[in-house]
>>> print(open('run14.txt').read())   # compact mmCIF, C-alpha atoms
# COMPACT_ATOMS: atom_id res chain seq x y z
CA MET A 228 3.17 -6.89 -29.82
CA ALA A 229 1.12 -9.88 -31.09
CA ILE A 230 3.36 -12.32 -29.20
CA GLU A 231 3.06 -10.26 -26.01
CA MET A 232 -0.75 -10.23 -26.30
CA LEU A 233 -0.75 -13.99 -26.91
CA ASN A 234 1.38 -14.55 -23.82
CA GLN A 235 -1.03 -12.43 -21.75
CA VAL A 236 -3.99 -14.51 -22.95
CA ILE A 237 -2.13 -17.76 -22.15
CA ASN A 238 -1.21 -16.42 -18.70
CA GLN A 239 -4.80 -15.38 -17.96
CA ASP A 240 -6.05 -18.82 -19.06
CA ALA A 241 -3.53 -20.46 -16.73
CA ILE A 242 -4.60 -18.26 -13.83
CA GLY A 243 -8.27 -19.02 -14.52
CA ASN A 244 -7.59 -22.76 -14.54
CA GLN A 245 -5.57 -22.53 -11.32
CA CYS A 246 -8.37 -20.64 -9.58
CA GLN A 247 -10.93 -23.22 -10.74
CA GLU A 248 -8.87 -26.09 -9.33
CA LEU A 249 -8.19 -24.21 -6.09
CA ALA A 250 -11.90 -23.40 -5.73
CA ALA A 251 -12.75 -27.09 -6.16
CA LEU A 252 -10.17 -28.09 -3.54
CA LEU A 253 -11.24 -25.45 -1.02
CA THR A 254 -14.90 -26.34 -1.55
CA ARG A 255 -14.17 -30.01 -0.86
CA HIS A 256 -12.13 -29.24 2.26
CA THR A 257 -14.70 -26.81 3.72
CA ASP A 258 -18.05 -28.28 2.56
CA SER A 259 -18.72 -30.21 5.76
CA LYS A 260 -17.40 -27.44 8.04
CA GLY A 261 -19.59 -24.53 6.95
CA ASN A 262 -18.71 -20.85 6.98
CA GLY A 263 -15.78 -19.24 8.75
CA PHE A 264 -12.05 -19.84 9.15
CA HIS A 265 -10.81 -23.42 8.99
CA LYS A 266 -7.39 -24.60 10.09
CA THR A 267 -5.61 -27.23 8.01
CA GLU A 268 -3.01 -29.91 8.64
CA ILE A 269 -0.41 -27.46 7.30
CA ASP A 270 0.86 -25.12 9.99
CA LYS A 271 0.04 -21.46 9.31
CA LEU A 272 -2.42 -22.31 6.46
CA GLU A 273 -6.16 -21.66 6.87
CA PHE A 274 -9.12 -21.63 4.49
CA ILE A 275 -11.96 -19.07 4.58
CA ARG A 276 -15.47 -19.81 3.33
CA GLU A 277 -18.53 -17.56 3.46
CA SER A 278 -21.84 -18.38 1.75
CA PHE A 279 -23.38 -14.97 2.36
CA VAL A 280 -22.25 -11.40 2.94
CA PRO A 281 -21.73 -11.24 6.73
CA SER A 282 -21.16 -8.38 9.11
CA ALA A 283 -17.72 -6.81 9.26
CA LEU A 284 -14.94 -8.68 11.02
CA HIS A 285 -12.93 -6.27 13.18
CA CYS A 286 -9.62 -7.60 14.50
CA VAL A 287 -5.88 -7.02 14.66
CA TYR A 288 -4.28 -8.77 11.71
CA GLN A 289 -0.77 -10.12 12.20
CA PRO A 290 1.61 -10.48 9.21
CA VAL A 291 -0.35 -12.56 6.72
CA LEU A 292 -0.86 -13.39 3.04
CA GLY A 293 -4.49 -13.77 1.96
CA ILE A 294 -5.42 -14.93 -1.55
CA VAL A 295 -8.97 -14.66 -2.91
CA ILE A 296 -9.92 -17.75 -4.91
CA GLN A 297 -13.60 -16.95 -5.44
CA GLY A 298 -15.75 -13.92 -4.59
CA LYS A 299 -14.73 -10.44 -3.48
CA LYS A 300 -13.66 -8.79 -0.26
CA GLU A 301 -12.90 -5.36 1.20
CA ALA A 302 -10.48 -4.37 3.93
CA LEU A 303 -10.69 -1.06 5.80
CA LEU A 304 -7.56 0.38 7.37
CA GLY A 305 -8.23 3.72 9.01
CA GLU A 306 -9.94 5.78 6.32
CA GLU A 307 -8.59 3.67 3.45
CA THR A 308 -10.54 0.95 1.60
CA TYR A 309 -8.83 -1.91 -0.21
CA ARG A 310 -10.90 -4.02 -2.64
CA TYR A 311 -9.73 -7.33 -4.02
CA GLY A 312 -11.24 -10.31 -5.80
CA GLN A 313 -10.40 -13.55 -7.56
CA ALA A 314 -6.67 -14.10 -8.17
CA GLN A 315 -5.73 -11.07 -6.08
CA TYR A 316 -3.96 -11.12 -2.76
CA LEU A 317 -3.56 -8.98 0.32
CA VAL A 318 -0.41 -8.83 2.41
CA VAL A 319 -0.36 -7.38 5.93
CA SER A 320 3.21 -6.78 7.05
CA VAL A 321 2.77 -5.45 10.62
CA ASP A 322 0.06 -5.91 13.26
CA LEU A 323 -2.83 -3.72 12.06
CA PRO A 324 -6.41 -3.18 13.28
CA ILE A 325 -8.43 -3.93 10.14
CA SER A 326 -12.13 -4.28 9.32
CA GLY A 327 -12.76 -7.03 6.76
CA PHE A 328 -15.94 -7.42 4.67
CA VAL A 329 -16.90 -10.17 2.24
CA VAL A 330 -18.81 -8.27 -0.46
CA GLU A 331 -19.56 -11.04 -2.97
CA ALA A 332 -20.76 -14.48 -1.84
CA THR A 333 -23.81 -16.71 -2.32
CA PRO A 334 -24.70 -20.25 -1.16
CA ASP A 335 -24.21 -21.48 -4.74
CA LYS A 336 -20.93 -19.63 -5.18
CA PRO A 337 -19.41 -18.91 -1.77
CA TYR A 338 -16.49 -16.65 -1.05
CA LEU A 339 -13.33 -18.81 -0.88
CA GLY A 340 -9.89 -17.71 0.21
CA LEU A 341 -6.71 -19.02 1.72
CA LYS A 342 -4.68 -17.40 4.47
CA LEU A 343 -1.01 -18.02 5.21
CA ASN A 344 0.56 -16.49 8.31
CA LEU A 345 3.93 -14.96 7.44
CA ASP A 346 7.10 -15.72 9.40
CA PRO A 347 9.57 -12.77 9.30
CA ARG A 348 12.44 -15.09 10.24
CA GLN A 349 11.92 -17.26 7.16
CA LEU A 350 11.64 -14.15 5.01
CA CYS A 351 14.90 -12.93 6.52
CA ASP A 352 16.65 -16.17 5.53
CA ILE A 353 15.59 -15.70 1.90
CA ILE A 354 16.54 -12.02 1.89
CA THR A 355 19.98 -12.89 3.25
CA ALA A 356 20.45 -15.44 0.47
CA GLN A 357 19.61 -12.86 -2.20
CA THR A 358 21.97 -10.26 -3.55
CA LYS A 359 22.22 -7.45 -1.01
CA PRO A 360 20.71 -4.13 -2.11
CA SER A 361 22.91 -1.12 -2.58
CA ALA A 362 23.86 0.59 0.67
CA ASN A 363 23.15 3.94 -1.02
CA LYS A 364 19.55 3.02 -1.82
CA LYS A 365 17.16 5.30 0.05
CA GLU A 366 14.47 3.44 1.96
CA ASN A 367 10.98 4.85 1.70
CA SER A 368 8.34 4.01 4.25
CA VAL A 369 5.63 1.83 2.73
CA ARG A 370 2.12 1.00 3.89
CA GLY A 371 1.87 -2.09 6.08
CA LEU A 372 -0.98 -3.41 3.93
CA PHE A 373 -1.22 -3.77 0.18
CA VAL A 374 -3.30 -5.54 -2.47
CA SER A 375 -1.79 -6.96 -5.63
CA THR A 376 -2.64 -9.34 -8.49
CA ALA A 377 -1.34 -12.88 -8.22
CA ASP A 378 0.62 -14.28 -11.15
CA ALA A 379 0.60 -17.89 -12.32
CA PRO A 380 3.77 -18.93 -10.40
CA LEU A 381 2.36 -17.68 -7.07
CA LEU A 382 -0.99 -19.40 -7.66
CA ASP A 383 0.88 -22.56 -8.64
CA CYS A 384 2.56 -22.51 -5.21
CA ALA A 385 -0.83 -22.11 -3.52
CA LEU A 386 -2.20 -24.97 -5.58
CA ARG A 387 0.66 -27.34 -4.80
CA LEU A 388 0.45 -26.46 -1.11
CA THR A 389 -3.30 -27.15 -1.02
CA ARG A 390 -2.91 -30.45 -2.89
CA LEU A 391 -0.62 -31.67 -0.10
CA LEU A 392 -3.66 -32.00 2.16
CA ASP A 393 -4.57 -35.11 0.15
CA THR A 394 -1.16 -36.66 0.85
CA PRO A 395 -0.54 -35.75 4.51
CA GLN A 396 2.57 -37.91 4.67
CA ASP A 397 4.25 -35.42 2.30
CA ILE A 398 3.41 -32.32 4.37
CA PRO A 399 6.41 -32.33 6.79
CA ILE A 400 8.92 -32.37 3.92
CA LEU A 401 7.23 -30.55 1.04
CA ALA A 402 5.10 -27.89 2.76
CA PRO A 403 8.08 -25.91 4.17
CA MET A 404 9.70 -25.94 0.71
CA ILE A 405 6.55 -24.63 -1.00
CA ILE A 406 6.00 -21.97 1.67
CA ARG A 407 9.59 -20.85 1.19
CA GLU A 408 8.90 -20.55 -2.54
CA ILE A 409 5.78 -18.47 -1.79
CA TYR A 410 7.95 -16.07 0.20
CA TYR A 411 10.38 -15.89 -2.71
CA ARG A 412 7.54 -15.15 -5.16
CA LEU A 413 6.34 -12.32 -2.93
CA LEU A 414 9.84 -10.88 -2.66
CA ILE A 415 10.35 -10.77 -6.43
CA GLY A 416 6.81 -9.56 -7.11
CA GLU A 417 5.62 -6.01 -7.76
CA GLN A 418 5.30 -5.33 -4.02
CA GLY A 419 8.66 -6.90 -3.18
CA GLU A 420 10.00 -3.80 -1.38
CA ALA A 421 7.12 -3.82 1.08
CA VAL A 422 7.60 -7.55 1.74
CA ARG A 423 11.34 -7.09 2.12
CA GLN A 424 10.91 -4.46 4.84
CA ILE A 425 8.98 -6.97 7.00
CA ALA A 426 12.21 -8.80 7.74
CA THR A 427 14.97 -6.25 7.08
CA SER A 428 16.71 -5.39 10.33
CA GLY A 429 16.62 -1.67 11.04
CA SER A 430 14.04 -0.88 8.34
CA ASN A 431 11.42 1.73 9.11
CA MET A 432 8.78 -0.97 9.01
CA GLN A 433 10.63 -3.11 11.55
CA ARG A 434 11.04 -0.11 13.84
CA ILE A 435 7.33 0.66 13.61
CA ALA A 436 6.56 -3.03 14.18
CA SER A 437 8.61 -2.86 17.37
CA ALA A 438 6.74 0.24 18.49
CA ILE A 439 3.43 -1.50 17.76
CA LYS A 440 4.44 -4.37 20.05
CA LEU A 441 5.10 -1.84 22.83
CA ILE A 442 1.71 -0.21 22.28
CA LYS A 443 -0.09 -3.57 22.28
CA ALA A 444 1.67 -4.67 25.47
CA ASP A 445 0.34 -1.68 27.44
CA PHE A 446 -2.49 -0.07 25.48
CA THR A 447 -4.67 0.67 28.53
CA LYS A 448 -2.13 3.19 29.88
CA PRO A 449 -1.67 6.78 28.63
CA MET A 450 0.66 6.85 25.65
CA ARG A 451 3.97 8.73 25.61
CA VAL A 452 4.96 9.18 21.99
CA GLU A 453 8.40 10.53 22.96
CA TYR A 454 9.10 7.33 24.90
CA LEU A 455 8.03 5.11 21.97
CA ALA A 456 10.14 7.13 19.53
CA GLY A 457 13.18 6.77 21.78
CA GLN A 458 12.68 3.02 22.09
CA VAL A 459 12.89 2.58 18.30
CA HIS A 460 15.68 5.17 17.85
CA MET A 461 13.67 7.82 16.03
CA SER A 462 12.94 11.46 16.74
CA PRO A 463 9.29 12.08 17.76
CA SER A 464 8.52 13.85 14.46
CA SER A 465 10.16 11.12 12.37
CA PHE A 466 8.43 8.41 14.40
CA HIS A 467 5.01 10.03 13.94
CA HIS A 468 5.58 10.39 10.19
CA HIS A 469 6.75 6.81 9.61
CA PHE A 470 4.08 5.37 11.92
CA LYS A 471 1.38 7.04 9.84
CA GLU A 472 3.02 5.97 6.58
CA VAL A 473 3.03 2.32 7.68
CA THR A 474 -0.33 2.13 9.49
CA SER A 475 -2.32 5.00 7.89
CA MET A 476 -3.08 6.33 11.39
CA SER A 477 -1.38 8.13 14.25
CA PRO A 478 -0.05 6.20 17.29
CA LEU A 479 -2.97 7.56 19.36
CA GLN A 480 -5.52 6.45 16.77
CA TYR A 481 -3.90 3.01 16.70
CA GLN A 482 -4.11 2.75 20.49
CA LYS A 483 -7.76 3.84 20.39
CA GLN A 484 -8.65 1.05 17.96
CA LEU A 485 -6.90 -1.53 20.16
CA ARG A 486 -8.87 -0.29 23.18
CA LEU A 487 -12.20 -0.45 21.36
CA LEU A 488 -11.52 -3.95 20.00
CA GLU A 489 -10.62 -5.20 23.47
CA ALA A 490 -13.68 -3.54 25.01
CA ARG A 491 -15.86 -5.28 22.43
CA ARG A 492 -14.26 -8.62 23.27
CA LEU A 493 -14.81 -8.07 27.00
CA MET A 494 -18.50 -7.34 26.47
CA LEU A 495 -19.05 -10.20 24.04
CA ALA A 496 -16.93 -12.95 25.58
CA GLU A 497 -16.92 -12.03 29.27
CA ASN A 498 -20.35 -10.37 29.59
CA SER A 499 -18.81 -7.15 30.87
CA ASP A 500 -21.07 -4.11 30.81
CA ALA A 501 -20.08 -1.08 28.72
CA ALA A 502 -18.93 1.10 31.64
CA ASN A 503 -16.72 -1.61 33.10
CA ALA A 504 -15.27 -2.53 29.70
CA ALA A 505 -14.49 1.13 29.02
CA TYR A 506 -12.71 1.46 32.35
CA GLN A 507 -10.71 -1.75 31.83
CA VAL A 508 -9.31 -0.59 28.50
CA GLY A 509 -8.31 2.84 29.75
CA TYR A 510 -11.27 5.17 29.15
CA GLU A 511 -12.13 7.65 31.91
CA SER A 512 -15.24 9.04 30.20
CA PRO A 513 -18.09 6.57 29.42
CA SER A 514 -19.67 9.07 27.04
CA GLN A 515 -16.43 9.44 25.07
CA PHE A 516 -16.14 5.65 24.94
CA SER A 517 -19.70 5.32 23.63
CA ARG A 518 -19.13 7.96 20.93
CA GLU A 519 -15.88 6.43 19.69
CA TYR A 520 -17.30 2.90 19.88
CA SER A 521 -20.32 3.90 17.77
CA ARG A 522 -18.06 5.59 15.24
CA MET A 523 -15.95 2.44 14.83
CA PHE A 524 -18.60 -0.29 14.97
CA GLY A 525 -21.65 1.55 13.63
CA ALA A 526 -23.78 1.23 16.77
CA PRO A 527 -23.59 2.01 20.51
CA PRO A 528 -22.05 -0.74 22.68
CA ILE A 529 -25.28 -2.36 23.90
CA LYS A 530 -26.91 -2.46 20.45
CA ASP A 531 -23.72 -3.71 18.81
CA ILE A 532 -23.29 -6.59 21.26
CA GLU A 533 -26.99 -7.54 20.92
CA ARG A 534 -26.59 -7.56 17.14
CA LEU A 535 -23.50 -9.80 17.34
CA ARG A 536 -25.20 -12.28 19.68
CA THR A 537 -28.27 -12.64 17.45
CA ALA A 538 -26.36 -12.77 14.16
>>> encode(input="run14.txt", output="structure tokens")
Amino acid sequence: MAIEMLNQVINQDAIGNQCQELAALLTRHTDSKGNGFHKTEIDKLEFIRESFVPSALHCVYQPVLGIVIQGKKEALLGEETYRYGQAQYLVVSVDLPISGFVVEATPDKPYLGLKLNLDPRQLCDIITAQTKPSANKKENSVRGLFVSTADAPLLDCALRLTRLLDTPQDIPILAPMIIREIYYRLLIGEQGEAVRQIATSGSNMQRIASAIKLIKADFTKPMRVEYLAGQVHMSPSSFHHHFKEVTSMSPLQYQKQLRLLEARRLMLAENSDAANAAYQVGYESPSQFSREYSRMFGAPPIKDIERLRTA
């Protein structure tokens, strides 16, 4: 017992030191760029920095790994809230409409995080190389978003990947190797089953991911759940069940969030008025659009867009 406790203390010290070094690196790479998302010379790797608690960021997240290095954040998926802080990570395994909030950040100690877009094909290569699971193992649907605590080996990968930015000549050779190791660490971690389903052909998650692509491709049109279920080889009842297990919402609720996000983009980026934006995304009733928009974004369309433009 004493040895186990000692090992835990040593592991926590290592994680603390890794986070300190990562925070110093991210601070140096983002200091001159200010707040927001910052691309790096490594494909698929971005840094996030926020010096204050901003308004919520509403968007559709694609498969991604996000690690908090400093500060705290919340993610809202449907009615569920996920909280995570330093040395914790979030994985999104299918395209999901998520509201993200930084909840702990100051100018002296900004929120710092790193984001790595996940490639299901690379995950598939690693899964194929591993020992195949038993054919009799029953697959359970898992949520397409989870939060977990990073261990020292995973943070070590993040650290080595970030250090490569100081030796850009090494990036083409070493970055793909480190990213592959990150995928491996996720697959053998405590949420390995959820990560595995991202790239397992025929898994419930892959079927729902395929259905999500169909919804996104034509979300302004009326939805036919029976058609979607048939396209992914599920019965309507099974499809509805697994869709909700993966996304925490029904297919219709998912479509509604896509419509509202696109309407917001049309008003903000293309100066569309609320009625026209509602019509373009598939709403027939402006009053229904306004009610559902207010419920999602916390204010009616006109007030919300004014708030965003003056923020």
>>> closest_residue(input="run14.txt", among="A:Ala283, A:Gln507, A:Ile442, A:Ser430", to="Arg534 of chain A", atoms="only C-alpha atoms")
A:Ala283
>>> closest_residue(input="run14.txt", among="A:Ala251, A:Leu372, A:Ile415, A:Leu401", to="Lys336 of chain A", atoms="all atoms listed in the file")
A:Ala251
>>> atom_distance(input="run14.txt", atom1="atom CA of Met450 of chain A", atom2="atom CA of Gln482 of chain A")
8.1 Å
>>> closest_residue(input="run14.txt", among="A:Met461, A:Leu252, A:Leu317, A:Cys384", to="Phe274 of chain A", atoms="all atoms listed in the file")
A:Leu252
>>> atom_distance(input="run14.txt", atom1="atom CA of Val369 of chain A", atom2="atom CA of His468 of chain A")
11.4 Å
>>> residues_around(input="run14.txt", residues="Glu307 of chain A", least_positions_apart="2", cutoff="12 Å", atoms="all atoms listed in the file", output="JSON, numbers by chain")
{"A": [301, 302, 303, 304, 305, 309, 310, 325, 326, 327, 370, 372, 373, 474, 475, 476]}
>>> write_last_selection(input="run14.txt", atoms="C-alpha atoms", output="PDB file, in the frame of the given file")
ATOM      1  CA  GLU A 301     -12.900  -5.360   1.200  1.00  0.00           C
ATOM      2  CA  ALA A 302     -10.480  -4.370   3.930  1.00  0.00           C
ATOM      3  CA  LEU A 303     -10.690  -1.060   5.800  1.00  0.00           C
ATOM      4  CA  LEU A 304      -7.560   0.380   7.370  1.00  0.00           C
ATOM      5  CA  GLY A 305      -8.230   3.720   9.010  1.00  0.00           C
ATOM      6  CA  TYR A 309      -8.830  -1.910  -0.210  1.00  0.00           C
ATOM      7  CA  ARG A 310     -10.900  -4.020  -2.640  1.00  0.00           C
ATOM      8  CA  ILE A 325      -8.430  -3.930  10.140  1.00  0.00           C
ATOM      9  CA  SER A 326     -12.130  -4.280   9.320  1.00  0.00           C
ATOM     10  CA  GLY A 327     -12.760  -7.030   6.760  1.00  0.00           C
ATOM     11  CA  ARG A 370       2.120   1.000   3.890  1.00  0.00           C
ATOM     12  CA  LEU A 372      -0.980  -3.410   3.930  1.00  0.00           C
ATOM     13  CA  PHE A 373      -1.220  -3.770   0.180  1.00  0.00           C
ATOM     14  CA  THR A 474      -0.330   2.130   9.490  1.00  0.00           C
ATOM     15  CA  SER A 475      -2.320   5.000   7.890  1.00  0.00           C
ATOM     16  CA  MET A 476      -3.080   6.330  11.390  1.00  0.00           C
TER      17      MET A 476
END
>>> atom_distance(input="run14.txt", atom1="atom CA of Glu533 of chain A", atom2="atom CA of Met494 of chain A")
10.1 Å
>>> residues_near_point(input="run14.txt", point="(-9.7, -3.3, 21.4)", cutoff="10 Å", atoms="all atoms listed in the file", output="PyMOL selection string")
chain A and resi 285-287+324+443+446-447+481-493+508+520
>>> residues_near_point(input="run14.txt", point="(-11.6, 2.6, 30.2)", cutoff="10 Å", atoms="all atoms listed in the file", output="JSON, numbers by chain")
{"A": [447, 448, 486, 487, 490, 501, 502, 503, 504, 505, 506, 507, 508, 509, 510, 511, 512, 513, 515, 516]}
>>> residues_around(input="run14.txt", residues="segment 421-423 of chain A", least_positions_apart="5", cutoff="8 Å", atoms="all atoms listed in the file", output="ChimeraX atom specification")
/A:320,350,354,369-371,413-414
